[in-house]
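What's in entry26.csv: CSV, C-alpha atoms and all ligand atoms
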```csv
chain,number,residue,atom,x,y,z
N,1,MET,CA,93.9,-29.0,27.1
N,2,PRO,CA,91.5,-26.3,28.1
N,3,GLU,CA,91.8,-25.0,31.6
N,4,LEU,CA,88.1,-24.5,32.1
N,5,ALA,CA,85.1,-26.5,31.0
N,6,VAL,CA,81.7,-24.9,31.1
N,7,ILE,CA,79.1,-27.5,31.4
N,8,VAL,CA,75.6,-26.6,30.0
N,9,PRO,CA,72.8,-29.0,30.6
N,10,THR,CA,70.0,-28.5,28.1
N,11,TYR,CA,66.5,-29.6,27.4
N,12,ASN,CA,64.7,-27.8,24.6
N,13,GLU,CA,67.0,-24.8,24.5
N,14,ARG,CA,67.5,-24.6,20.8
N,15,ASP,CA,67.1,-20.9,20.5
N,16,ASN,CA,69.5,-20.2,23.4
N,17,VAL,CA,72.5,-22.1,22.1
N,18,LEU,CA,73.9,-19.4,19.9
N,19,PRO,CA,73.3,-16.4,22.2
N,20,LEU,CA,74.8,-18.4,25.1
N,21,THR,CA,78.0,-19.4,23.2
N,22,ALA,CA,78.4,-15.9,22.0
N,23,ALA,CA,78.0,-14.5,25.5
N,24,LEU,CA,80.6,-17.1,26.8
N,25,ARG,CA,83.0,-16.2,24.0
N,26,LEU,CA,82.8,-12.6,25.1
N,27,ALA,CA,83.1,-13.3,28.9
N,28,LEU,CA,85.9,-15.8,28.5
N,29,LYS,CA,88.0,-14.1,25.9
N,30,ASP,CA,91.3,-14.4,27.8
N,31,ILE,CA,90.7,-17.9,29.1
N,32,ASP,CA,91.4,-21.3,27.5
N,33,TYR,CA,88.0,-23.0,27.8
N,34,GLU,CA,85.6,-25.4,26.2
N,35,VAL,CA,81.8,-25.6,26.4
N,36,VAL,CA,80.2,-29.0,26.9
N,37,PHE,CA,76.5,-29.1,26.2
N,38,VAL,CA,74.8,-32.1,27.7
N,39,ASP,CA,71.5,-32.6,26.0
N,40,ASP,CA,68.9,-35.2,26.8
N,41,ASP,CA,67.7,-35.8,23.2
N,42,SER,CA,65.5,-32.6,23.3
N,43,PRO,CA,62.6,-32.9,20.9
N,44,ASP,CA,63.4,-29.4,19.6
N,45,SER,CA,66.7,-30.8,18.4
N,46,THR,CA,69.0,-28.7,20.5
N,47,ALA,CA,71.7,-31.3,20.1
N,48,GLU,CA,71.6,-30.8,16.3
N,49,VAL,CA,72.1,-27.1,16.7
N,50,VAL,CA,75.1,-27.6,19.0
N,51,ARG,CA,76.6,-30.2,16.7
N,52,ARG,CA,76.4,-27.8,13.7
N,53,LEU,CA,78.0,-25.0,15.8
N,54,SER,CA,80.8,-27.3,16.9
N,55,PHE,CA,81.9,-27.6,13.2
N,56,GLU,CA,82.8,-24.0,13.3
N,57,ASP,CA,83.9,-23.6,16.9
N,58,PRO,CA,86.1,-26.5,18.1
N,59,ARG,CA,85.6,-25.2,21.7
N,60,VAL,CA,81.9,-26.4,21.6
N,61,ARG,CA,81.2,-30.0,22.3
N,62,ILE,CA,78.1,-32.1,22.8
N,63,VAL,CA,77.2,-35.1,25.1
N,64,HIS,CA,74.0,-36.4,23.6
N,65,ARG,CA,72.1,-38.7,26.0
N,66,VAL,CA,69.1,-40.7,24.9
N,67,HIS,CA,66.4,-42.2,27.1
N,68,ARG,CA,67.7,-40.2,30.0
N,69,ARG,CA,66.5,-37.1,31.9
N,70,GLY,CA,67.9,-35.1,34.7
N,71,LEU,CA,69.8,-31.9,35.2
N,72,ALA,CA,72.0,-33.2,38.0
N,73,SER,CA,73.2,-36.3,36.2
N,74,ALA,CA,73.7,-34.3,33.0
N,75,ALA,CA,75.9,-31.8,34.8
N,76,VAL,CA,78.1,-34.6,36.2
N,77,GLU,CA,78.3,-36.6,33.0
N,78,GLY,CA,79.5,-33.4,31.3
N,79,MET,CA,82.2,-33.0,33.9
N,80,MET,CA,83.3,-36.6,33.4
N,81,ALA,CA,83.5,-36.1,29.7
N,82,THR,CA,86.2,-33.4,29.9
N,83,ASN,CA,89.8,-33.2,31.1
N,84,ALA,CA,89.8,-29.6,32.3
N,85,PRO,CA,91.0,-29.0,35.9
N,86,TYR,CA,88.2,-26.4,36.5
N,87,LEU,CA,84.6,-27.1,35.9
N,88,ALA,CA,81.7,-24.7,35.8
N,89,VAL,CA,78.0,-25.5,35.5
N,90,ILE,CA,75.7,-22.9,34.0
N,91,ASP,CA,72.1,-23.0,32.8
N,92,GLY,CA,71.5,-23.0,29.0
N,93,ASP,CA,68.9,-20.3,29.1
N,94,LEU,CA,71.1,-17.2,30.0
N,95,GLN,CA,69.5,-16.8,33.4
N,96,HIS,CA,72.9,-17.1,35.1
N,97,ASP,CA,75.4,-14.3,34.8
N,98,GLU,CA,78.3,-15.7,32.7
N,99,THR,CA,80.4,-12.5,33.3
N,100,LEU,CA,81.1,-13.9,36.8
N,101,LEU,CA,83.0,-16.9,35.4
N,102,PRO,CA,86.4,-15.2,35.2
N,103,GLU,CA,86.2,-14.1,38.8
N,104,MET,CA,85.2,-17.6,39.9
N,105,LEU,CA,88.1,-19.1,38.0
N,106,ARG,CA,90.5,-16.5,39.5
N,107,LEU,CA,89.4,-17.5,43.0
N,108,LEU,CA,89.9,-21.2,42.4
N,109,ARG,CA,93.2,-20.7,40.7
N,110,ALA,CA,94.5,-18.9,43.9
N,111,GLY,CA,94.1,-22.2,45.7
N,112,GLY,CA,92.5,-23.3,49.0
N,113,LEU,CA,89.0,-23.4,47.6
N,114,ASP,CA,87.0,-26.4,46.3
N,115,LEU,CA,83.9,-24.6,45.1
N,116,VAL,CA,82.8,-21.1,44.1
N,117,VAL,CA,79.0,-20.6,44.1
N,118,GLY,CA,77.0,-17.9,42.3
N,119,SER,CA,74.5,-16.9,45.0
N,120,ARG,CA,71.3,-15.0,44.8
N,121,HIS,CA,71.3,-14.3,48.5
N,122,GLN,CA,74.8,-12.8,48.8
N,123,ASP,CA,75.8,-9.1,48.5
N,124,GLY,CA,75.2,-8.2,44.9
N,125,GLY,CA,72.8,-11.1,44.5
N,126,SER,CA,69.1,-11.2,43.9
N,127,MET,CA,66.3,-13.5,42.8
N,128,GLY,CA,65.6,-11.2,39.9
N,129,GLU,CA,61.9,-11.2,38.8
N,130,PHE,CA,60.8,-14.4,40.6
N,131,SER,CA,57.1,-14.7,41.4
N,132,ALA,CA,56.3,-14.6,45.1
N,133,ALA,CA,55.3,-18.3,45.0
N,134,ARG,CA,58.6,-19.2,43.5
N,135,VAL,CA,60.5,-17.2,46.1
N,136,ALA,CA,58.6,-19.0,48.9
N,137,LEU,CA,59.2,-22.4,47.4
N,138,SER,CA,62.9,-21.6,47.1
N,139,GLN,CA,62.9,-20.6,50.8
N,140,LEU,CA,61.3,-23.8,51.8
N,141,GLY,CA,63.8,-25.8,49.8
N,142,ARG,CA,66.6,-23.9,51.5
N,143,ARG,CA,65.3,-24.7,55.0
N,144,LEU,CA,65.0,-28.4,54.1
N,145,SER,CA,68.5,-28.5,52.7
N,146,ALA,CA,69.9,-27.9,56.1
N,147,LEU,CA,68.8,-31.5,56.9
N,148,VAL,CA,71.4,-33.0,54.7
N,149,CYS,CA,74.0,-30.3,54.2
N,150,ARG,CA,76.3,-29.2,57.1
N,151,ALA,CA,78.3,-26.6,55.2
N,152,HIS,CA,76.8,-23.1,55.2
N,153,LEU,CA,75.5,-22.0,51.9
N,154,SER,CA,73.4,-18.9,51.4
N,155,ASP,CA,72.0,-20.4,48.2
N,156,PRO,CA,72.2,-24.2,48.2
N,157,MET,CA,69.6,-24.3,45.4
N,158,SER,CA,71.8,-22.5,43.0
N,159,GLY,CA,72.6,-24.1,39.7
N,160,PHE,CA,75.5,-21.8,38.9
N,161,PHE,CA,78.9,-22.7,40.3
N,162,MET,CA,82.5,-23.7,39.6
N,163,LEU,CA,84.6,-26.5,41.2
N,164,THR,CA,88.0,-28.1,41.0
N,165,ARG,CA,88.4,-31.5,39.4
N,166,SER,CA,90.1,-32.8,42.5
N,167,TYR,CA,87.0,-31.9,44.6
N,168,LEU,CA,84.8,-33.7,42.0
N,169,ASN,CA,87.0,-36.8,42.3
N,170,ASP,CA,86.5,-36.8,46.0
N,171,VAL,CA,82.7,-36.8,45.9
N,172,VAL,CA,81.7,-38.2,42.6
N,173,ARG,CA,81.2,-41.8,43.9
N,174,SER,CA,78.9,-40.6,46.6
N,175,LEU,CA,76.5,-38.5,44.5
N,176,SER,CA,72.8,-39.3,44.4
N,177,LEU,CA,72.4,-37.6,41.0
N,178,ILE,CA,68.6,-37.2,41.5
N,179,GLY,CA,66.7,-34.3,40.0
N,180,PHE,CA,67.8,-30.6,39.7
N,181,LYS,CA,69.8,-29.7,42.8
N,182,ILE,CA,73.3,-30.8,41.8
N,183,LEU,CA,75.1,-28.2,44.0
N,184,LEU,CA,73.4,-29.5,47.2
N,185,ASP,CA,74.3,-33.1,46.1
N,186,LEU,CA,77.9,-32.1,45.6
N,187,VAL,CA,78.2,-30.4,49.0
N,188,ALA,CA,76.2,-32.9,51.0
N,189,SER,CA,78.1,-35.8,49.6
N,190,SER,CA,81.5,-34.6,50.8
N,191,PRO,CA,83.4,-36.8,53.2
N,192,ARG,CA,85.4,-33.7,54.4
N,193,PRO,CA,84.7,-30.1,55.0
N,194,VAL,CA,84.2,-28.1,51.8
N,195,ALA,CA,86.0,-24.9,51.2
N,196,ILE,CA,83.4,-22.7,49.6
N,197,ARG,CA,83.2,-19.0,48.5
N,198,GLU,CA,80.0,-17.4,47.4
N,199,ILE,CA,79.6,-14.5,45.1
N,200,GLY,CA,76.4,-12.6,44.4
N,201,TYR,CA,74.6,-12.5,41.1
N,202,THR,CA,71.2,-11.5,39.8
N,203,PHE,CA,69.1,-14.2,38.4
N,204,ARG,CA,68.0,-13.0,34.9
N,205,THR,CA,64.6,-13.4,33.4
N,206,ARG,CA,64.3,-16.1,30.8
N,207,GLN,CA,63.9,-14.6,27.3
N,208,ARG,CA,63.4,-17.7,25.2
N,209,GLY,CA,62.0,-21.2,25.8
N,210,GLU,CA,60.4,-22.3,29.1
N,211,SER,CA,61.4,-23.5,32.6
N,212,LYS,CA,61.3,-27.2,33.3
N,213,LEU,CA,60.8,-26.6,37.0
N,214,ASP,CA,57.5,-28.1,38.0
N,215,LEU,CA,55.8,-30.3,40.6
N,216,LEU,CA,57.9,-33.2,39.5
N,217,VAL,CA,61.1,-31.3,40.2
N,218,GLY,CA,59.8,-30.7,43.8
N,219,LEU,CA,59.2,-34.5,44.1
N,220,GLU,CA,62.7,-35.2,42.9
N,221,TYR,CA,64.1,-32.8,45.5
N,222,LEU,CA,62.3,-34.8,48.2
N,223,GLU,CA,63.9,-37.9,46.7
N,224,LEU,CA,67.3,-36.3,46.8
N,225,LEU,CA,66.9,-35.4,50.5
N,226,LEU,CA,65.6,-38.9,51.4
N,227,ASP,CA,68.5,-40.5,49.5
N,228,LYS,CA,71.0,-38.3,51.3
N,229,LEU,CA,69.4,-39.0,54.7
N,230,PHE,CA,68.7,-42.8,54.5
N,231,GLY,CA,69.9,-43.9,51.1
N,232,GLU,CA,72.7,-46.0,52.5
N,233,TRP,CA,70.2,-48.3,54.1
N,234,VAL,CA,67.1,-48.2,52.1
N,235,PRO,CA,66.7,-47.6,48.3
N,236,VAL,CA,64.9,-44.3,47.8
N,237,ARG,CA,62.4,-46.0,45.4
N,238,TYR,CA,61.3,-48.3,48.2
N,239,MET,CA,60.9,-45.3,50.5
N,240,LEU,CA,58.5,-43.7,48.0
N,241,PHE,CA,56.7,-47.0,47.7
N,242,GLY,CA,56.3,-47.1,51.5
N,243,LEU,CA,55.2,-43.4,51.5
N,244,VAL,CA,52.4,-44.3,49.0
N,245,GLY,CA,51.5,-47.3,51.2
N,246,ALA,CA,51.2,-45.0,54.2
N,247,VAL,CA,48.9,-42.7,52.3
N,248,GLY,CA,46.9,-45.8,51.4
N,249,VAL,CA,46.5,-46.8,55.1
N,250,ALA,CA,45.2,-43.3,56.0
N,251,ALA,CA,42.9,-43.4,53.0
N,252,GLN,CA,41.5,-46.8,54.0
N,253,LEU,CA,40.8,-45.8,57.6
N,254,LEU,CA,38.9,-42.8,56.2
N,255,LEU,CA,37.0,-44.8,53.6
N,256,VAL,CA,35.9,-47.5,56.1
N,257,VAL,CA,34.4,-44.9,58.4
N,258,LEU,CA,32.8,-43.2,55.4
N,259,LEU,CA,31.3,-46.4,53.9
N,260,MET,CA,29.9,-47.5,57.2
N,261,ASN,CA,28.5,-44.2,58.3
N,262,ALA,CA,27.4,-42.5,55.1
N,263,ALA,CA,26.7,-45.6,52.9
N,264,GLY,CA,25.5,-47.8,55.8
N,265,LEU,CA,27.6,-50.8,55.0
N,266,LEU,CA,28.6,-53.4,57.5
N,267,PHE,CA,32.2,-53.5,58.5
N,268,GLY,CA,33.2,-56.6,56.5
N,269,ARG,CA,31.8,-55.1,53.3
N,270,ALA,CA,33.3,-51.6,54.0
N,271,GLN,CA,36.7,-53.2,54.6
N,272,LEU,CA,36.6,-55.2,51.4
N,273,TYR,CA,35.4,-52.3,49.1
N,274,SER,CA,37.8,-49.8,50.7
N,275,SER,CA,40.7,-52.2,50.2
N,276,ILE,CA,39.9,-52.5,46.5
N,277,MET,CA,39.7,-48.7,46.2
N,278,VAL,CA,42.9,-48.2,48.1
N,279,ILE,CA,44.9,-50.7,46.0
N,280,ALA,CA,43.7,-48.9,42.9
N,281,LEU,CA,44.7,-45.6,44.5
N,282,ASN,CA,48.1,-46.9,45.4
N,283,TYR,CA,48.6,-48.3,41.9
N,284,THR,CA,47.8,-44.9,40.4
N,285,LEU,CA,50.1,-43.0,42.8
N,286,ASN,CA,53.0,-45.4,42.2
N,287,ASN,CA,52.4,-45.1,38.5
N,288,GLN,CA,52.7,-41.3,38.7
N,289,MET,CA,55.4,-41.1,41.4
N,290,THR,CA,57.4,-44.1,42.4
N,291,PHE,CA,57.7,-45.6,38.9
N,292,ARG,CA,57.0,-42.5,36.8
N,293,ALA,CA,60.1,-43.2,34.7
N,294,ARG,CA,58.3,-46.5,33.7
N,295,ARG,CA,54.8,-45.0,33.7
N,296,LEU,CA,52.2,-47.3,32.1
N,297,HIS,CA,49.5,-46.1,29.7
N,298,GLY,CA,46.4,-47.6,28.0
N,299,TRP,CA,46.1,-51.4,28.0
N,300,ARG,CA,49.4,-51.8,29.8
N,301,TRP,CA,48.0,-49.6,32.5
N,302,LEU,CA,45.0,-52.0,32.9
N,303,SER,CA,47.0,-55.2,32.8
N,304,GLY,CA,49.4,-53.6,35.3
N,305,LEU,CA,46.5,-52.9,37.6
N,306,VAL,CA,45.3,-56.5,37.5
N,307,LEU,CA,48.9,-57.7,38.2
N,308,PHE,CA,49.2,-55.2,41.0
N,309,PHE,CA,46.0,-56.5,42.6
N,310,CYS,CA,47.3,-60.1,42.5
N,311,ALA,CA,50.6,-59.1,43.9
N,312,CYS,CA,49.1,-57.1,46.7
N,313,SER,CA,46.8,-60.0,47.6
N,314,VAL,CA,49.8,-62.3,48.0
N,315,GLY,CA,51.6,-59.5,49.9
N,316,LEU,CA,48.6,-59.2,52.3
N,317,PHE,CA,48.5,-62.9,52.8
N,318,SER,CA,52.2,-63.1,53.7
N,319,ASN,CA,51.8,-60.0,55.9
N,320,VAL,CA,49.0,-61.7,57.9
N,321,VAL,CA,50.8,-65.1,58.1
N,322,ALA,CA,54.1,-63.6,59.2
N,323,ALA,CA,52.5,-61.3,61.8
N,324,GLY,CA,50.5,-64.2,63.1
N,325,THR,CA,53.5,-66.5,63.4
N,326,LEU,CA,55.6,-63.8,65.1
N,327,ARG,CA,52.8,-63.1,67.5
N,328,LYS,CA,52.6,-66.8,68.4
N,329,LEU,CA,56.4,-66.8,68.9
N,330,GLY,CA,55.8,-64.2,71.6
N,331,LEU,CA,56.5,-60.9,69.8
N,332,GLN,CA,54.5,-57.9,71.1
N,333,LEU,CA,51.5,-56.8,69.1
N,334,PRO,CA,52.6,-53.6,67.5
N,335,LEU,CA,56.0,-55.1,66.6
N,336,ALA,CA,54.5,-58.3,65.1
N,337,SER,CA,52.1,-56.2,63.1
N,338,LEU,CA,54.8,-53.9,61.9
N,339,ALA,CA,57.0,-56.8,60.9
N,340,GLY,CA,54.1,-58.2,58.9
N,341,ILE,CA,53.6,-54.9,57.1
N,342,VAL,CA,57.3,-54.6,56.2
N,343,ILE,CA,57.4,-58.2,54.9
N,344,GLY,CA,54.3,-57.7,52.8
N,345,SER,CA,55.4,-54.4,51.5
N,346,ILE,CA,58.8,-55.8,50.4
N,347,TRP,CA,57.1,-58.5,48.5
N,348,ASN,CA,54.7,-55.9,46.9
N,349,TYR,CA,57.7,-53.7,46.0
N,350,GLY,CA,59.6,-56.6,44.5
N,351,VAL,CA,56.8,-57.8,42.3
N,352,SER,CA,55.9,-54.2,41.3
N,353,SER,CA,59.5,-53.4,40.2
N,354,ILE,CA,60.1,-56.7,38.5
N,355,LEU,CA,56.8,-57.6,37.0
N,356,VAL,CA,54.4,-54.6,37.0
N,357,TRP,CA,56.7,-51.7,36.0
N,358,ARG,CA,59.6,-54.0,34.8
N,359,VAL,CA,62.3,-51.6,35.8
N,360,ASN,CA,65.0,-53.7,34.1
N,361,ARG,CA,63.3,-54.0,30.7
N,362,ARG,CA,65.3,-52.8,27.8
N,363,ARG,CA,63.6,-50.2,25.6
Q,401,LIG,N1,70.2,-32.3,30.1
Q,401,LIG,C1,69.2,-31.8,30.8
Q,401,LIG,N2,68.2,-32.7,31.2
Q,401,LIG,N3,69.0,-30.5,31.0
Q,401,LIG,C2,67.9,-30.1,31.7
Q,401,LIG,C3,66.9,-31.0,32.2
Q,401,LIG,C4,67.1,-32.4,31.9
Q,401,LIG,O1,66.3,-33.2,32.2
Q,401,LIG,N4,66.0,-30.2,32.8
Q,401,LIG,C5,66.4,-28.9,32.7
Q,401,LIG,N5,67.6,-28.9,32.1
Q,401,LIG,C6,68.3,-27.7,31.7
Q,401,LIG,C7,67.5,-26.6,31.1
Q,401,LIG,O2,67.5,-26.7,29.7
Q,401,LIG,C8,68.3,-25.3,31.5
Q,401,LIG,O3,69.4,-25.1,30.7
Q,401,LIG,C9,68.8,-25.7,32.9
Q,401,LIG,O4,68.8,-27.1,33.0
Q,401,LIG,C10,67.9,-25.1,34.0
Q,401,LIG,O5,66.6,-25.5,33.7
Q,401,LIG,P1,65.4,-24.4,33.9
Q,401,LIG,O6,64.1,-25.2,33.5
Q,401,LIG,O7,65.7,-23.2,33.2
Q,401,LIG,O8,65.4,-24.2,35.5
Q,401,LIG,P2,65.0,-22.9,36.3
Q,401,LIG,O9,65.5,-21.7,35.6
Q,401,LIG,O10,63.6,-22.9,36.7
Q,401,LIG,O11,66.0,-23.1,37.6
Q,401,LIG,C11,67.4,-23.0,37.5
Q,401,LIG,O12,68.0,-22.0,38.2
Q,401,LIG,C12,67.8,-22.1,39.6
Q,401,LIG,C13,68.6,-21.0,40.3
Q,401,LIG,O13,69.9,-21.1,40.1
Q,401,LIG,C14,68.0,-24.4,37.9
Q,401,LIG,O14,69.4,-24.3,37.7
Q,401,LIG,C15,67.8,-24.6,39.4
Q,401,LIG,O15,68.5,-25.8,39.8
Q,401,LIG,C16,68.3,-23.5,40.2
Q,401,LIG,O16,68.0,-23.6,41.5
Q,402,MN,MN,66.0,-21.3,33.8
```
Full structure transcribed into structure tokens:
Amino acid sequence: MPELAVIVPTYNERDNVLPLTAALRLALKDIDYEVVFVDDDSPDSTAEVVRRLSFEDPRVRIVHRVHRRGLASAAVEGMMATNAPYLAVIDGDLQHDETLLPEMLRLLRAGGLDLVVGSRHQDGGSMGEFSAARVALSQLGRRLSALVCRAHLSDPMSGFFMLTRSYLNDVVRSLSLIGFKILLDLVASSPRPVAIREIGYTFRTRQRGESKLDLLVGLEYLELLLDKLFGEWVPVRYMLFGLVGAVGVAAQLLLVVLLMNAAGLLFGRAQLYSSIMVIALNYTLNNQMTFRARRLHGWRWLSGLVLFFCACSVGLFSNVVAAGTLRKLGLQLPLASLAGIVIGSIWNYGVSSILVWRVNRRR
């Protein structure tokens, strides 16, 4: 059984597979290790390249996932697919410095540590040639991470680290597994203080292929934070749905004023038209964000919109009835209204998940 498993999540990294395995072979020449690529069915057939390589090199393995995406879940599924007592995660594009792995292993072997993190903000560490915007973004992410993570980490957004199997076993059932930031998830999910060491490294520039970090990854980060903060009470998808709803309320207030003042409509008309526009806006936002994994296109987009309209009308009706009833029972105004909104939105969310975006449909 290998002592160390190096987990490499990949998506469209075909041209990096050979250089990375060669670099690992060199860096880990005195260590009994295996490399587990976890590929999400990349269109560039990364998995095929790994599979071919594994015929020659038995230390190379593949976990090939279909209909799945996500760096964090890929990393953990790779860890669960091996028996090694020490587990490293490294990007598949050679941006992380694999020559640090033996030192990380040495630190963990010595005992007393759960986790060794490759940090860009530690002595000897650097962001490399990051654009100014990317540095600022990383900074913002770092600030926000303090909301969920009590342990001190100079680089909580790092994707390069090594941990012990026993630490993984302690946290694996509490992980959110949303998005890119698996290290933050691992540390924030811990029921006990985590013994961490950080060592500096310089983030290299990508030579081949392209980064998958985009706006969506930012949204997923927000989801991870929400899930870590409130996920035990409210599903994160419902929180996003509610967020979209809140945007809708603000948009409606604006639209009513606009339609009355600029277009000269009476209040009743303005309210009706703005409602229709806001329902369409919410549908679009939910299609792009909340239910993006089930995003509807073409005709299905249109029929989904009609269904969403019907669902929201019923939701509005129950909202008004519930609020009215509670009001009659003596509940104060803002509370009764809020209760109505919550009841209506739960209905809307239920119908949206089950009927509009059909989250349980098999593909
Ligand atoms: N299996 C799988 N599924 N792998 C993925 C996915 C996915 O959906 N998305 C990205 N990856 C793989 C990429 O193929 C690459 O090997 C690695 O995850 C990192 O993705 P990049 O797109 O290269 O991210 P980056 O370089 O912008 O950011 C990385 O480095 C930062 C600094 O350490 C990530 O590791 C960040 O999480 C990290 O903060
Ligand atoms: Mn990268």
*Write out as a ChimeraX atom specification which residues come within 8 Å of Ser318 (chain N) when counting all atoms listed in the file, dropping same-chain ones fewer than 3 positions away.*
/N:314-315,321-322,340,343-344
*For Leu175 (chain N): contacts at 7 Å, only C-alpha atoms, fewer than 6 positions along chain excluded, given as a PyMOL selection string*: chain N and resi 185-186+189
With ligand MN 402 (chain Q) as the partner and 6 Å as the cut-off, tabulate the residues of chain N that qualify, each row holding the nearest pair of atoms and their distance in Å to one decimal, using all atoms listed in the file, sorted by chain and rising number, as CSV.
```
residue,atom,partner,partner_atom,distance
N:Asp93,CA,Q:MN402,MN,5.6
N:Gln95,CA,Q:MN402,MN,5.7
N:Ser211,CA,Q:MN402,MN,5.2
```
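Near ligand LIG 401 (chain Q), at a distance of at most 7 Å and with only C-alpha atoms and all ligand atoms counted, sit the residues Val8, Pro9, Thr10, Tyr11, Asn12, Glu13, Val38, Asp39, Asp40, Arg69, Gly70, Leu71, Ala74, Asp91, Gly92, Asp93, Gln95, Met157, Ser158, Gly159, Phe160, Phe180, Lys181, Glu210, Ser211, Lys212 and Leu213 of chain N.
With all atoms listed in the file as the atoms that count, the minimum distance from Leu144 (chain N) to the choices N:Leu226, N:Ala47, N:Cys312, N:Leu20 is reached by N:Leu226.
Proximity to Met260 (chain N) was assessed for N:Asn348, N:Ser274, N:Thr99, N:Asn169 counting only C-alpha atoms; the smallest distance is recorded for N:Ser274.
Take CA of Met162 (chain N) and CA of Phe230 (chain N): the distance between them is 27.9 Å.
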*Quick one: residues within 9 Å of Asn286 (chain N), only C-alpha atoms counted, chain neighbours fewer than 6 positions away excluded, as number ranges by chain?*
N: 240-241, 244, 292, 295
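Across N:Asp15, N:Leu168, N:Ile276, N:Leu355, the tightest approach to Arg206 (chain N) is made by N:Asp15 when counting only C-alpha atoms.
The space separating CA of Asp155 (chain N) from CA of Leu216 (chain N) comes to 20.9 Å.
Taking CA of Ala146 (chain N) and CA of Val116 (chain N) as the two end points, the separation is 18.9 Å.
When all atoms listed in the file are used to measure the gap to Arg300 (chain N), the shortest distance among N:Thr82, N:Asn287, N:Thr46, N:Thr325 belongs to N:Asn287.
Of the listed residues (N:Ser176, N:Asn282, N:Asn16, N:Asn261), N:Ser176 comes nearest to Gly231 (chain N); the distances count only C-alpha atoms.
With all atoms listed in the file as the basis for measurement, N:Asp114 is the residue among N:Glu48, N:Glu103, N:Asp227, N:Asp114 that approaches Pro193 (chain N) most closely.
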*asked:* Just want the 12 Å neighbourhood of Leu338 (chain N), counted on all atoms listed in the file, with same-chain residues fewer than 4 positions away dropped. Output as a PyMOL selection string.
replied: chain N and resi 319-320+322-324+326-327+331-334+342-345
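Every protein or nucleic acid residue with an atom no more than 8 Å from Leu225 (chain N), counting all atoms listed in the file and leaving out same-chain residues fewer than 6 positions away, appears here: Ser145, Leu147 and Val148 of chain N.
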